[in-house]
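A.B. asks: Take this structure first; my questions come after.
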Amino acid sequence: MEDRRSINEFPESYPMNEGDGAYSYAQNSRHQRRCIETAKESIKEAIVKKFDIKTLSAPLNSIFVADLGCSTGPNTFLAVQNIVDAIELKYQQSENEIPEFQVFFNDHASNDFNTLFKSFPPNRNYLTAAVPGSFYGRLFPKATVHIFHSSNSLNWLSKVPKEITDKTSPAWNKGRIHYTNAQKEVVEAYATQYAMDMESFLCARAEELAVGGLMVLLISAVPDVILSSDVTICTHLELLESCLVDMEKVGLVSEAELDSVNLPIYFPSPKEVMAAFGRSKRFSIEGIQEFGNQDNQVSLQTLTLTLRAGLGGVFEKHFGNDIVDEVFDRFSKKVATKFLNLNENQKTLLLSVLLKCKPND
Ligand code: SAH
């Protein structure tokens with residue numbers, strides 16, 4: 001199978017904080033939940049409209065749904081239930097017998113699947129299975145999955161671009177952890193990595209999607225022409241970086257450690273997302289919607305906890321757990337003095353895209 005890329009080709013993984021305690025993703029992912037809620041109705045309508053029962057290639061008595069980058073819940077349950085409801089409605093409207101549903105929950109093998117399993121909704125009307133591995137490679141047999149869903153996950157790159165940790169490269173991101181306000185070579189290295197990762201993602205999904213199947217992607221994005229310094233999430237990452245820089249100055253982390261840590265996260269513009277679909281040529285865009293910022297009411301404490309639940313793992317891997325406490329303590333103090341009014345400058349978009357696989361030429 002020449003297109004099958006093994007999980008081991010994607011060794012970098014930074015799962016969200018495990019369990020259901022105070023710092024867990026399960027307790028601190030309301031922002032991501034709001035993204036799913038915002039797009040929910042329009043996704044349901046689009047699936048009812050575009051899911052074509054007649055052209056399905058895989059057996060009609062079972063429908064396979066996969067959520068890629070599911071984390072620990074509960075958000076994934078909201079997203080998959082919406083899809084199951086939409087397809088049920090479609091079958092009811094067409095007076096076909098309602099099929100069985102099998103939902104595959106995918107994330108990196110290091111994700112806390114046990115917490116996910118323990119919190120499966122008791123009255124769910126679908127069967128469950130977990131599929132560990134990177135969604136940048138193949139995960140399912142050919143032409144078997146009827147609906148792919150992924151929310152808030154495709155902002156994670158498969159890896160930190162190599163050049164940015166290479167001292168000899170013009171893209172070396174010395175003393176920095178992200179591309180916000182970095183030199184153009186760093187920004188380009190991130191953008192190139194994003195484009196390559198999207199290509200791998202779309203290539204794998206094109207193999208796995210059943211004929212007639214759909215893919216729903218919710219991606220955090222930034223407006224087409226804008227500086228990263230004007231994007232709120234990016235300014236937060238810069239503030240986080242400044243905490244590490246302060247810690248380096250007082251000897252809590254070493255210069256080398258600071259130089260080696262970079263966040264493998266990218267916020268594409270709608271143009272970049274569309275360009276990725278255009279290059280792949282395997283999908284037709286059946287619907288696209290842009291929603292404005294989802295975080296009108298966020299408190300500083302919530303902001304700190306949300307960032308910690310998502311990014312704590314990256315810092316923990318590099319510096320250990322004590323440093324994570326210190327970084328986010330410092331962050332919460334800084335954010336309180338810097339951003340008294342958090343909502344003035346929100347320029348993050350949510351893109352909701354519905355895709356269909358084109359038949360092979
Ligand atoms: N979909 C959930 C979780 C989003 S958090 C929600 O909307 O709330 C992002 C998730 O994507 C994390 O759990 C992370 O481990 C996962 N992820 C990131 N890159 C991945 C990859 N290459 N393969 C599989 N999962 C990935």
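Every chain in the structure tokens takes a letter, A first, then B, and so on in the order presented; its residues are numbered from 1, and the ligands are numbered from 1 following the presented order.
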Distance limit 6 Å, reference ligand 1, atoms considered: only C-alpha atoms and all ligand atoms. Which residues make the cut? Give them as a PyMOL selection string.
C.D. replies: chain A and resi 14-16+32-33+69-71+75-76+107-108+111+133-136+150-153+156+158
A.B. asks: As an MDAnalysis selection string, please: every residue in range 78-301 of chain A that a backbone DSSP assignment puts in helix (DSSP H, G or I).
C.D. replies: chainID A and resid 78:93 113:118 162:165 184:208 228:230 232:249 255:260 270:280 300:301
A.B. asks: Just checking: using only C-alpha atoms, which residue out of A:Leu263, A:Leu89, A:Leu237, A:Leu252 ends up closest to Gly320 in chain A?
C.D. replies: A:Leu252
A.B. asks: Name the residues in contact with Val84 in chain A at a cut-off of 12 Å, using only C-alpha atoms, excluding same-chain residues fewer than 6 positions from it; report them as a VMD selection string.
C.D. replies: chain A and resid 43 to 44 47 to 48 51 62 to 67 77 to 78 90 to 91 98 to 103 124 to 127 146 to 149
A.B. asks: What does the structure give for the distance between CA of Gln183 in chain A and CA of Arg279 in chain A, in Å to one decimal?
C.D. replies: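 Going from CA of Gln183 in chain A over to CA of Arg279 in chain A covers 26.7 Å.
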A.B. asks: Could you give me, as a list in words, the residues within 12 Å of Glu238 in chain A, counting only C-alpha atoms and dropping anything in the same chain fewer than 4 positions from it?
C.D. replies: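 Answer for this query is Gly175, Arg176, Ile177, His178, Tyr179, Thr180, Asn181, Ala182, Ser228, Ser229, Asp230, Val231, Thr232, Ile233, Cys234, Ser242, Cys243, Leu244, Val245, Asn262, Leu263, Phe331, Lys334, Val335 and Lys338 of chain A.
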A.B. asks: Any idea what the distance is between CA of Ile87 in chain A and CA of Asp52 in chain A?
C.D. replies: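 These two atoms are separated by 9.9 Å.
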A.B. asks: Given the choices A:Pro223, A:Gly213, A:Gly278, A:Gly310, which gets closest to Leu354 in chain A if the distance is worked out from only C-alpha atoms?
C.D. replies: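 Smallest separation from Leu354 in chain A among the options: A:Gly213.
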A.B. asks: Would you list the contacts of Tyr194 in chain A as JSON, numbers by chain, taking every protein, DNA or RNA residue within 10 Å and counting only C-alpha atoms, but skipping same-chain residues closer than 4 positions in sequence?
C.D. replies: {"A": [154, 155, 156, 157, 158, 159, 161, 188, 189, 190, 198, 199, 200, 264, 265, 266, 267, 268, 272, 273, 276]}
A.B. asks: Could you save the residues just selected, with N, CA and C atoms, as a short mmCIF file (atom, residue, chain, number, x, y, z; two decimals), in the first residue's frame?
C.D. replies:
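Output file out.cif is given in full below:
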data_model
loop_
_atom_site.label_atom_id
_atom_site.label_comp_id
_atom_site.auth_asym_id
_atom_site.auth_seq_id
_atom_site.Cartn_x
_atom_site.Cartn_y
_atom_site.Cartn_z
N LEU A 154 -7.31 20.48 13.48
CA LEU A 154 -6.40 20.66 12.33
C LEU A 154 -5.50 21.89 12.48
N ASN A 155 -5.60 22.57 13.61
CA ASN A 155 -4.63 23.65 13.89
C ASN A 155 -3.32 23.08 14.45
N TRP A 156 -3.37 21.79 14.81
CA TRP A 156 -2.14 21.16 15.32
C TRP A 156 -1.36 20.60 14.15
N LEU A 157 -0.15 21.06 14.01
CA LEU A 157 0.72 20.54 12.95
C LEU A 157 1.21 19.15 13.32
N SER A 158 1.66 18.41 12.30
CA SER A 158 2.19 17.07 12.61
C SER A 158 3.49 17.18 13.39
N LYS A 159 4.18 18.31 13.22
CA LYS A 159 5.43 18.51 13.97
C LYS A 159 5.83 19.97 13.90
N PRO A 161 8.08 22.71 12.57
CA PRO A 161 8.91 22.71 11.35
C PRO A 161 10.39 22.62 11.72
N GLU A 188 6.98 31.54 7.29
CA GLU A 188 6.92 30.70 6.08
C GLU A 188 7.11 29.22 6.41
N ALA A 189 8.00 28.93 7.36
CA ALA A 189 8.22 27.53 7.72
C ALA A 189 6.94 26.92 8.31
N TYR A 190 6.26 27.67 9.13
CA TYR A 190 4.98 27.19 9.69
C TYR A 190 3.95 27.00 8.57
N MET A 198 -1.81 19.42 5.53
CA MET A 198 -3.16 19.36 4.95
C MET A 198 -3.17 18.41 3.75
N GLU A 199 -2.08 18.43 3.01
CA GLU A 199 -2.01 17.53 1.85
C GLU A 199 -2.08 16.06 2.33
N SER A 200 -1.29 15.75 3.37
CA SER A 200 -1.30 14.37 3.90
C SER A 200 -2.69 14.02 4.43
N PRO A 264 3.59 23.61 18.05
CA PRO A 264 3.24 23.14 16.70
C PRO A 264 1.79 23.49 16.33
N ILE A 265 1.48 24.76 16.42
CA ILE A 265 0.09 25.19 16.19
C ILE A 265 0.07 26.25 15.11
N TYR A 266 -0.90 26.18 14.23
CA TYR A 266 -0.97 27.15 13.14
C TYR A 266 -2.41 27.58 12.91
N PHE A 267 -2.58 28.88 12.71
CA PHE A 267 -3.92 29.39 12.40
C PHE A 267 -3.91 29.88 10.96
N PRO A 268 -4.48 29.09 10.05
CA PRO A 268 -4.43 29.46 8.64
C PRO A 268 -5.45 30.55 8.32
N GLU A 272 -5.67 30.11 2.70
CA GLU A 272 -4.76 28.95 2.80
C GLU A 272 -5.54 27.64 2.88
N VAL A 273 -6.66 27.68 3.60
CA VAL A 273 -7.46 26.46 3.72
C VAL A 273 -8.02 26.08 2.35
N ALA A 276 -5.45 24.65 0.06
CA ALA A 276 -5.14 23.24 0.37
C ALA A 276 -6.17 22.32 -0.31
#
A.B. asks: Please report the interatomic distance between CA of Glu326 in chain A and CA of Lys174 in chain A in Å with one decimal.
C.D. replies: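 Rounded to one decimal, the two atoms are 21.4 Å apart.
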A.B. asks: Between A:Leu350, A:Ile164, A:Ala26, A:Ile53, which residue has the minimum interatomic distance to Lys118 in chain A, considering only C-alpha atoms?
C.D. replies: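 Of all the options, A:Ala26 lies closest to Lys118 in chain A.
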A.B. asks: Please return, as a list in words, all residues of range 84-175 of chain A that DSSP assigns to strand (DSSP E or B) on the basis of the backbone.
C.D. replies: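 Reading the DSSP output for range 84-175 of chain A, strand (DSSP E or B) covers Glu100, Phe101, Gln102, Val103, Phe104, Phe105, Asn106, Asp107, Leu127, Thr128, Ala129, Ala130, Val131, Pro132, Val145, His146, Ile147, Phe148, His149, Ser150, Ser151 and Trp156 of chain A.
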A.B. asks: Write a file of the selected residues as a compact mmCIF listing (two decimals), in the first residue's frame, keeping N, CA and C atoms.
C.D. replies:
# COMPACT_ATOMS: atom_id res chain seq x y z
N GLU A 100 -27.83 1.24 11.62
CA GLU A 100 -27.05 1.30 12.86
C GLU A 100 -25.90 2.27 12.64
N PHE A 101 -25.46 2.88 13.74
CA PHE A 101 -24.32 3.80 13.63
C PHE A 101 -23.13 3.25 14.42
N GLN A 102 -21.99 3.35 13.80
CA GLN A 102 -20.74 3.03 14.50
C GLN A 102 -19.89 4.30 14.48
N VAL A 103 -19.54 4.79 15.66
CA VAL A 103 -18.72 6.01 15.72
C VAL A 103 -17.29 5.64 16.14
N PHE A 104 -16.34 6.09 15.34
CA PHE A 104 -14.92 5.87 15.65
C PHE A 104 -14.37 7.15 16.25
N PHE A 105 -13.77 7.02 17.43
CA PHE A 105 -13.15 8.17 18.09
C PHE A 105 -11.65 8.08 17.88
N ASN A 106 -11.13 9.04 17.15
CA ASN A 106 -9.69 9.02 16.85
C ASN A 106 -8.94 10.12 17.59
N ASP A 107 -7.76 9.79 18.02
CA ASP A 107 -6.81 10.79 18.51
C ASP A 107 -5.45 10.09 18.57
N LEU A 127 -22.85 2.74 18.29
CA LEU A 127 -21.80 1.87 18.82
C LEU A 127 -20.49 2.64 18.77
N THR A 128 -19.54 2.23 19.59
CA THR A 128 -18.31 3.03 19.68
C THR A 128 -17.07 2.18 19.42
N ALA A 129 -16.04 2.85 18.94
CA ALA A 129 -14.72 2.22 18.82
C ALA A 129 -13.69 3.33 18.85
N ALA A 130 -12.49 2.99 19.32
CA ALA A 130 -11.42 3.99 19.35
C ALA A 130 -10.38 3.64 18.28
N VAL A 131 -9.89 4.66 17.64
CA VAL A 131 -8.87 4.46 16.61
C VAL A 131 -7.67 5.36 16.93
N PRO A 132 -6.65 4.78 17.57
CA PRO A 132 -5.49 5.61 17.91
C PRO A 132 -4.58 5.81 16.71
N VAL A 145 -15.62 4.98 5.38
CA VAL A 145 -16.21 5.92 6.36
C VAL A 145 -17.20 6.85 5.66
N HIS A 146 -18.40 6.97 6.23
CA HIS A 146 -19.43 7.78 5.57
C HIS A 146 -19.34 9.25 5.93
N ILE A 147 -18.97 9.53 7.19
CA ILE A 147 -18.83 10.93 7.59
C ILE A 147 -17.57 11.10 8.44
N PHE A 148 -16.72 11.98 8.00
CA PHE A 148 -15.61 12.41 8.84
C PHE A 148 -15.97 13.74 9.48
N HIS A 149 -15.57 13.87 10.73
CA HIS A 149 -15.74 15.16 11.41
C HIS A 149 -14.44 15.48 12.11
N SER A 150 -14.08 16.76 12.15
CA SER A 150 -12.93 17.15 12.95
C SER A 150 -13.12 18.59 13.40
N SER A 151 -13.00 18.83 14.68
CA SER A 151 -13.15 20.22 15.16
C SER A 151 -11.98 20.60 16.06
N TRP A 156 -3.37 21.79 14.81
CA TRP A 156 -2.14 21.16 15.32
C TRP A 156 -1.36 20.60 14.15
